[in-house]
file data-v4.cif (mmCIF, C-alpha atoms and all ligand atoms)
data_coords
loop_
_atom_site.label_atom_id
_atom_site.label_comp_id
_atom_site.auth_asym_id
_atom_site.auth_seq_id
_atom_site.Cartn_x
_atom_site.Cartn_y
_atom_site.Cartn_z
CA MET I 145 -6.28 -4.70 20.24
CA GLU I 146 -5.97 -4.19 16.52
CA TRP I 147 -6.51 -6.75 13.77
CA VAL I 148 -4.36 -6.31 10.70
CA SER I 149 -3.41 -8.28 7.61
CA ILE I 150 -0.38 -10.56 7.71
CA GLN I 151 1.33 -8.14 5.33
CA GLU I 152 0.62 -5.21 7.65
CA ALA I 153 1.73 -7.17 10.73
CA SER I 154 4.94 -8.07 8.93
CA HIS I 155 5.55 -4.40 8.18
CA ARG I 156 4.62 -3.14 11.66
CA LEU I 157 6.64 -5.75 13.55
CA ASN I 158 9.50 -5.70 11.07
CA VAL I 159 9.63 -9.45 10.52
CA SER I 160 8.93 -11.53 7.45
CA GLN I 161 5.42 -12.63 6.58
CA ASP I 162 6.58 -16.21 6.98
CA VAL I 163 7.45 -15.48 10.59
CA ILE I 164 4.03 -13.92 11.20
CA ARG I 165 2.34 -16.97 9.68
CA ARG I 166 4.44 -19.36 11.69
CA TYR I 167 3.75 -17.42 14.84
CA ALA I 168 0.02 -17.44 14.14
CA ARG I 169 0.08 -21.13 13.35
CA ASP I 170 1.86 -21.87 16.59
CA GLY I 171 -0.90 -20.03 18.43
CA ARG I 172 1.40 -17.38 19.82
CA LEU I 173 -0.44 -14.74 17.86
CA ASN I 174 -4.20 -14.59 17.55
CA ALA I 175 -5.30 -15.12 13.97
CA LYS I 176 -8.63 -15.43 12.21
CA LYS I 177 -10.14 -15.44 8.77
CA GLN I 178 -12.02 -12.34 7.78
CA PRO I 179 -14.15 -11.55 4.73
CA LYS I 180 -12.40 -9.39 2.16
CA GLU I 181 -14.04 -6.42 0.45
CA THR I 182 -13.20 -8.03 -2.85
CA GLY I 183 -14.80 -11.31 -1.82
CA GLY I 184 -13.37 -14.42 -0.28
CA THR I 185 -11.53 -14.40 2.99
CA SER I 186 -8.09 -13.49 4.18
CA TRP I 187 -6.15 -14.01 7.39
CA VAL I 188 -5.77 -11.24 9.91
CA VAL I 189 -3.71 -11.30 13.08
CA GLU I 190 -4.11 -9.39 16.30
CA LEU I 191 -1.30 -6.94 16.94
CA PRO I 192 0.07 -6.81 20.45
CA ASP I 193 -0.46 -3.50 22.29
CA GLY I 194 2.10 -0.69 22.25
CA PRO I 195 4.69 -1.13 25.01
CA TRP I 196 4.55 -4.88 24.62
CA GLU I 197 5.62 -4.60 21.02
CA ASP I 198 9.36 -4.64 21.61
CA ASP I 199 9.15 -7.77 23.72
CA PHE I 200 7.05 -9.29 21.05
CA LYS I 201 9.58 -8.44 18.37
CA GLU I 202 12.40 -10.02 20.32
CA ASN I 203 10.26 -13.02 20.90
CA VAL I 204 9.44 -13.34 17.23
CA HIS I 205 13.07 -13.03 16.24
CA GLY I 206 13.95 -15.66 18.83
CA ILE I 207 11.39 -17.98 17.33
CA ALA I 208 12.61 -17.21 13.83
CA GLN I 209 16.10 -18.31 14.71
CA LYS I 210 14.74 -21.61 15.87
CA LEU I 211 12.58 -22.16 12.82
CA THR I 212 13.02 -25.55 11.31
CA PRO I 213 11.28 -27.01 8.30
CA TRP I 214 11.18 -30.36 10.12
CA TRP I 215 8.05 -31.30 12.03
CA TRP I 216 6.64 -34.28 13.85
CA SER I 217 3.29 -35.59 12.68
CA THR I 218 2.35 -36.80 16.17
CA ALA I 219 2.24 -35.09 19.54
CA ASP I 220 4.18 -37.92 21.19
CA LYS I 221 7.01 -37.47 18.66
CA GLU I 222 7.20 -41.05 17.52
CA GLY I 223 8.40 -42.25 14.14
CA VAL I 224 10.15 -39.83 11.80
CA VAL I 225 10.13 -36.08 11.36
CA HIS I 226 8.85 -34.74 8.05
CA TYR I 227 9.69 -31.74 5.92
CA VAL I 228 6.97 -29.14 5.79
CA ASP I 229 6.50 -27.68 2.33
CA GLY I 230 5.20 -24.14 2.67
CA LEU I 231 4.37 -21.90 5.57
CA GLY I 232 0.86 -20.71 4.80
CA ILE I 233 -1.62 -20.98 7.64
CA GLU I 234 -4.12 -22.28 5.16
CA GLU I 235 -1.96 -25.32 4.53
CA ILE I 236 -1.98 -26.56 8.07
CA GLU I 237 -3.96 -29.72 7.35
CA ALA I 238 -1.48 -31.45 5.08
CA LEU I 239 1.81 -30.23 3.89
CA PHE I 240 4.55 -32.76 4.31
CA MET I 241 6.95 -33.09 1.40
CA CYS I 242 6.45 -36.86 1.16
CA GLY I 243 2.68 -36.41 0.76
CA LEU I 244 1.67 -37.52 4.23
CA MET I 245 -1.52 -35.84 5.44
CA THR I 246 -2.09 -35.01 9.10
CA ASP I 247 -4.38 -32.75 11.05
CA ASN I 248 -1.64 -31.16 13.03
CA ILE I 249 2.11 -30.77 13.18
CA TYR I 250 4.57 -30.36 16.01
CA SER I 251 7.82 -28.48 15.68
CA ALA I 252 10.85 -30.78 15.63
CA VAL I 253 13.36 -28.17 16.75
CA GLY I 254 16.36 -30.02 18.13
CA HIS I 255 15.61 -33.36 16.50
CA ASN I 256 18.33 -35.73 15.38
CA PRO I 257 18.93 -35.74 11.59
CA SER I 258 18.75 -39.55 11.66
CA GLU I 259 15.08 -39.21 12.59
CA ARG I 260 14.19 -37.62 9.26
CA CYS I 261 11.71 -39.19 6.85
CA PRO I 262 13.80 -40.63 3.96
CA GLU I 263 11.17 -39.70 1.37
CA CYS I 264 11.13 -36.11 2.59
CA VAL I 265 14.94 -35.98 2.51
CA ASP I 266 14.93 -37.25 -1.10
CA GLU I 267 12.46 -34.56 -2.14
CA VAL I 268 14.34 -31.79 -0.37
CA ILE I 269 17.54 -32.78 -2.18
CA LYS I 270 15.75 -33.17 -5.50
CA GLN I 271 14.17 -29.72 -5.20
CA GLY I 272 17.31 -28.09 -3.84
CA LEU I 273 15.57 -26.76 -0.73
CA PRO I 274 17.41 -25.71 2.42
CA MET I 275 17.78 -28.80 4.59
CA GLU I 276 18.26 -27.15 7.96
CA THR I 277 16.44 -23.86 8.13
CA ARG I 278 13.86 -21.59 6.55
CA GLU I 279 15.79 -18.38 7.00
ZN ZN B 301 7.93 -37.42 5.15
#
call {"tool": "encode", "arguments": {"input": "data-v4.cif", "output": "structure tokens"}}
result
Amino acid sequence: MEWVSIQEASHRLNVSQDVIRRYARDGRLNAKKQPKETGGTSWVVELPDGPWEDDFKENVHGIAQKLTPWWWSTADKEGVVHYVDGLGIEEIEALFMCGLMTDNIYSAVGHNPSERCPECVDEVIKQGLPMETRE
């Protein structure tokens, strides 16, 4: 197994860095922080082994098509879905557009638009962001 930067993984697997980050955040790809030569830390991900790579690519593209900026703040999917502002792994603790902070988020793929947080919707419109998809 080989650990590479998100940039390198993006290049090797031919998908965007956002997809790599999302994949890592969802736990489908092993990821860890590693000290940089220049100081600080950066994220690295574990590349899948050779023959598996094509499956992995298809998988990643499948996930990418289902990407939604809308996420639940609770595992039991109660209340409203919120808009996630940004895809960095580092931002996992708190990143809803309306300012809500949570420890974890749960993909709201397939949710009903009526379930959306009104404050998030307002912000998305105000900032001119894509309402339905990241891609
Ligand atoms: Zn919200």
call {"tool": "closest_residue", "arguments": {"input": "data-v4.cif", "among": "I:Ile150, I:Cys242, I:Val188, I:Ile164", "to": "ligand ZN 301 (chain B)", "atoms": "all atoms listed in the file"}}
result
I:Cys242
call {"tool": "closest_residue", "arguments": {"input": "data-v4.cif", "among": "I:Asp162, I:Glu267, I:Asp170, I:Asp220", "to": "ligand ZN 301 (chain B)", "atoms": "only C-alpha atoms and all ligand atoms"}}
result
I:Glu267
call {"tool": "atom_distance", "arguments": {"input": "data-v4.cif", "atom1": "atom CA of I:Leu244", "atom2": "atom CA of I:Ala219"}}
result
15.5 Å
call {"tool": "residues_around", "arguments": {"input": "data-v4.cif", "residues": "I:Leu173", "least_positions_apart": "5", "cutoff": "8 Å", "atoms": "all atoms listed in the file", "output": "ChimeraX atom specification"}}
result
/I:167-168,189-191
call {"tool": "residues_near_ligand", "arguments": {"input": "data-v4.cif", "ligand": "ligand ZN 301 (chain B)", "cutoff": "10 Å", "atoms": "all atoms listed in the file", "output": "ChimeraX atom specification"}}
result
/I:214-217,224-228,239-245,260-267
call {"tool": "closest_residue", "arguments": {"input": "data-v4.cif", "among": "I:Arg169, I:His155, I:Ala175, I:Trp147", "to": "I:Ile249", "atoms": "only C-alpha atoms"}}
result
I:Arg169
call {"tool": "residues_around", "arguments": {"input": "data-v4.cif", "residues": "I:Thr185", "least_positions_apart": "5", "cutoff": "12 Å", "atoms": "all atoms listed in the file", "output": "NGL selection string"}}
result
:I and (149 or 176-180 or 234)
call {"tool": "atom_distance", "arguments": {"input": "data-v4.cif", "atom1": "atom CA of I:Tyr250", "atom2": "atom CA of I:Glu146"}}
result
28.2 Å
call {"tool": "closest_residue", "arguments": {"input": "data-v4.cif", "among": "I:Gly272, I:Gly223, I:Pro213, I:Gly184", "to": "I:Gly254", "atoms": "all atoms listed in the file"}}
result
I:Pro213
call {"tool": "atom_distance", "arguments": {"input": "data-v4.cif", "atom1": "atom CA of I:Asn174", "atom2": "atom CA of I:Met145"}}
result
10.5 Å
call {"tool": "closest_residue", "arguments": {"input": "data-v4.cif", "among": "I:Pro274, I:Pro192, I:Gly171, I:Gly183", "to": "I:Val148", "atoms": "all atoms listed in the file"}}
result
I:Pro192
call {"tool": "decode", "arguments": {"input": "data-v4.cif", "residues": "stretch 162-193 of chain I", "atoms": "C-alpha atoms", "output": "PDB file, in the first residue's frame"}}
result
ATOM      1  CA  ASP I 162     -12.602  17.309  -3.911  1.00  0.00           C
ATOM      2  CA  VAL I 163     -13.639  13.765  -4.725  1.00  0.00           C
ATOM      3  CA  ILE I 164     -10.550  12.357  -3.005  1.00  0.00           C
ATOM      4  CA  ARG I 165     -11.293  14.451   0.080  1.00  0.00           C
ATOM      5  CA  ARG I 166     -14.915  13.433   0.132  1.00  0.00           C
ATOM      6  CA  TYR I 167     -13.967   9.812  -0.281  1.00  0.00           C
ATOM      7  CA  ALA I 168     -11.466  10.058   2.558  1.00  0.00           C
ATOM      8  CA  ARG I 169     -13.968  11.837   4.757  1.00  0.00           C
ATOM      9  CA  ASP I 170     -16.549   9.149   4.122  1.00  0.00           C
ATOM     10  CA  GLY I 171     -14.010   6.570   5.269  1.00  0.00           C
ATOM     11  CA  ARG I 172     -13.901   4.780   1.944  1.00  0.00           C
ATOM     12  CA  LEU I 173     -10.268   5.711   1.553  1.00  0.00           C
ATOM     13  CA  ASN I 174      -7.740   5.531   4.352  1.00  0.00           C
ATOM     14  CA  ALA I 175      -6.425   8.967   5.221  1.00  0.00           C
ATOM     15  CA  LYS I 176      -4.083  10.346   7.843  1.00  0.00           C
ATOM     16  CA  LYS I 177      -2.169  13.457   8.720  1.00  0.00           C
ATOM     17  CA  GLN I 178       1.549  13.331   8.152  1.00  0.00           C
ATOM     18  CA  PRO I 179       4.322  15.784   9.049  1.00  0.00           C
ATOM     19  CA  LYS I 180       5.543  17.844   6.109  1.00  0.00           C
ATOM     20  CA  GLU I 181       9.216  18.468   5.382  1.00  0.00           C
ATOM     21  CA  THR I 182       8.459  22.155   5.452  1.00  0.00           C
ATOM     22  CA  GLY I 183       6.767  21.891   8.830  1.00  0.00           C
ATOM     23  CA  GLY I 184       3.165  21.443   9.801  1.00  0.00           C
ATOM     24  CA  THR I 185       1.109  18.527   8.648  1.00  0.00           C
ATOM     25  CA  SER I 186      -0.705  17.538   5.510  1.00  0.00           C
ATOM     26  CA  TRP I 187      -3.206  14.848   4.616  1.00  0.00           C
ATOM     27  CA  VAL I 188      -2.142  11.723   2.804  1.00  0.00           C
ATOM     28  CA  VAL I 189      -4.361   8.951   1.519  1.00  0.00           C
ATOM     29  CA  GLU I 190      -3.644   5.304   0.921  1.00  0.00           C
ATOM     30  CA  LEU I 191      -3.783   4.342  -2.738  1.00  0.00           C
ATOM     31  CA  PRO I 192      -5.545   1.120  -3.576  1.00  0.00           C
ATOM     32  CA  ASP I 193      -3.328  -1.612  -5.080  1.00  0.00           C
TER      33      ASP I 193
END
